[in-house]
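One structure below.
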Amino acid sequence: MSTAVHRVKNFRCDGGKEFACEKVRRVLSDRSIRLLLSAPNLPVRYGVAQREYHTVVELPRSMLSMSRLPKPMLAQACGSAVYVLSLTGKTPVIGKSQVEMWNCHVMKNLDLLRVYGMECYVYIPKMFRKEF
């Protein structure tokens, strides 16, 4: 089985200050990655990235709300959300996670995952259920 190595060639953003700063430019140029800036305030041009951003922002808020943890825990919730999304996000290859695509190895151990401050129920389809 061959493993393909993926390399980022271009980094596209909307010209916002979070990515169009000198520090990011330097990091990208050190890795021979071109920074492509699109016109700001045109969400049509960067719809997928904007949806991902909203997922990363809204998921931690939901996690904090459901777990009844205080708002100062938002940074830790963001880290947990991004970790879970990278393990479970969609990829063009069926049966592989984003982590497996980038690192070229299979992730079989999910023991590090824990319930984030709330009860969790597993749905078992009716055909697999047994009486008490």
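For the structure tokens, the naming scheme is as follows: chains receive sequential letters (A, B, ...) according to their order of presentation, residues are indexed from 1 within each chain, and ligands are indexed from 1 in presentation order.
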Worksheet entry | Contact residues around Arg12 of chain A with only C-alpha atoms at 9 Å, ignoring same-chain residues under 5 positions, as a ChimeraX atom specification | /A:34-38,46
Take the residues that were just selected and, keeping C-alpha atoms, output them as a PDB file, in the first residue's frame.
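The result, written out as again.pdb:
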ATOM      1  CA  ARG A  34       2.119  31.165  -1.166  1.00  0.00           C
ATOM      2  CA  LEU A  35      -0.310  33.426   0.705  1.00  0.00           C
ATOM      3  CA  LEU A  36      -3.276  34.288  -1.533  1.00  0.00           C
ATOM      4  CA  LEU A  37      -5.526  37.082  -0.307  1.00  0.00           C
ATOM      5  CA  SER A  38      -9.072  37.453  -1.578  1.00  0.00           C
ATOM      6  CA  TYR A  46     -14.506  31.640   1.203  1.00  0.00           C
TER       7      TYR A  46
END
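For the pair atom CA of Phe11 of chain A and atom CA of Arg25 of chain A, the separation is 10.2 Å.
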Worksheet item: Near Ile33 of chain A, counting only C-alpha atoms, which residues have an atom at most 8 Å away, once you skip same-chain residues fewer than 2 positions from it, shown as a PyMOL selection string?
Response: chain A and resi 8-11+28-31+35
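With atom CA of Leu85 of chain A on one side and atom CA of Val56 of chain A on the other, the separation reads 8.4 Å.
Nearest to Arg114 of chain A of all the residues A:Phe128, A:Pro60, A:Val93, A:Tyr83 is A:Tyr83, counting only C-alpha atoms.
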Worksheet, complete the sentence: Correct to one decimal, the distance atom CA of Ser86 of chain A-atom CA of Thr55 of chain A is 12.1 Å
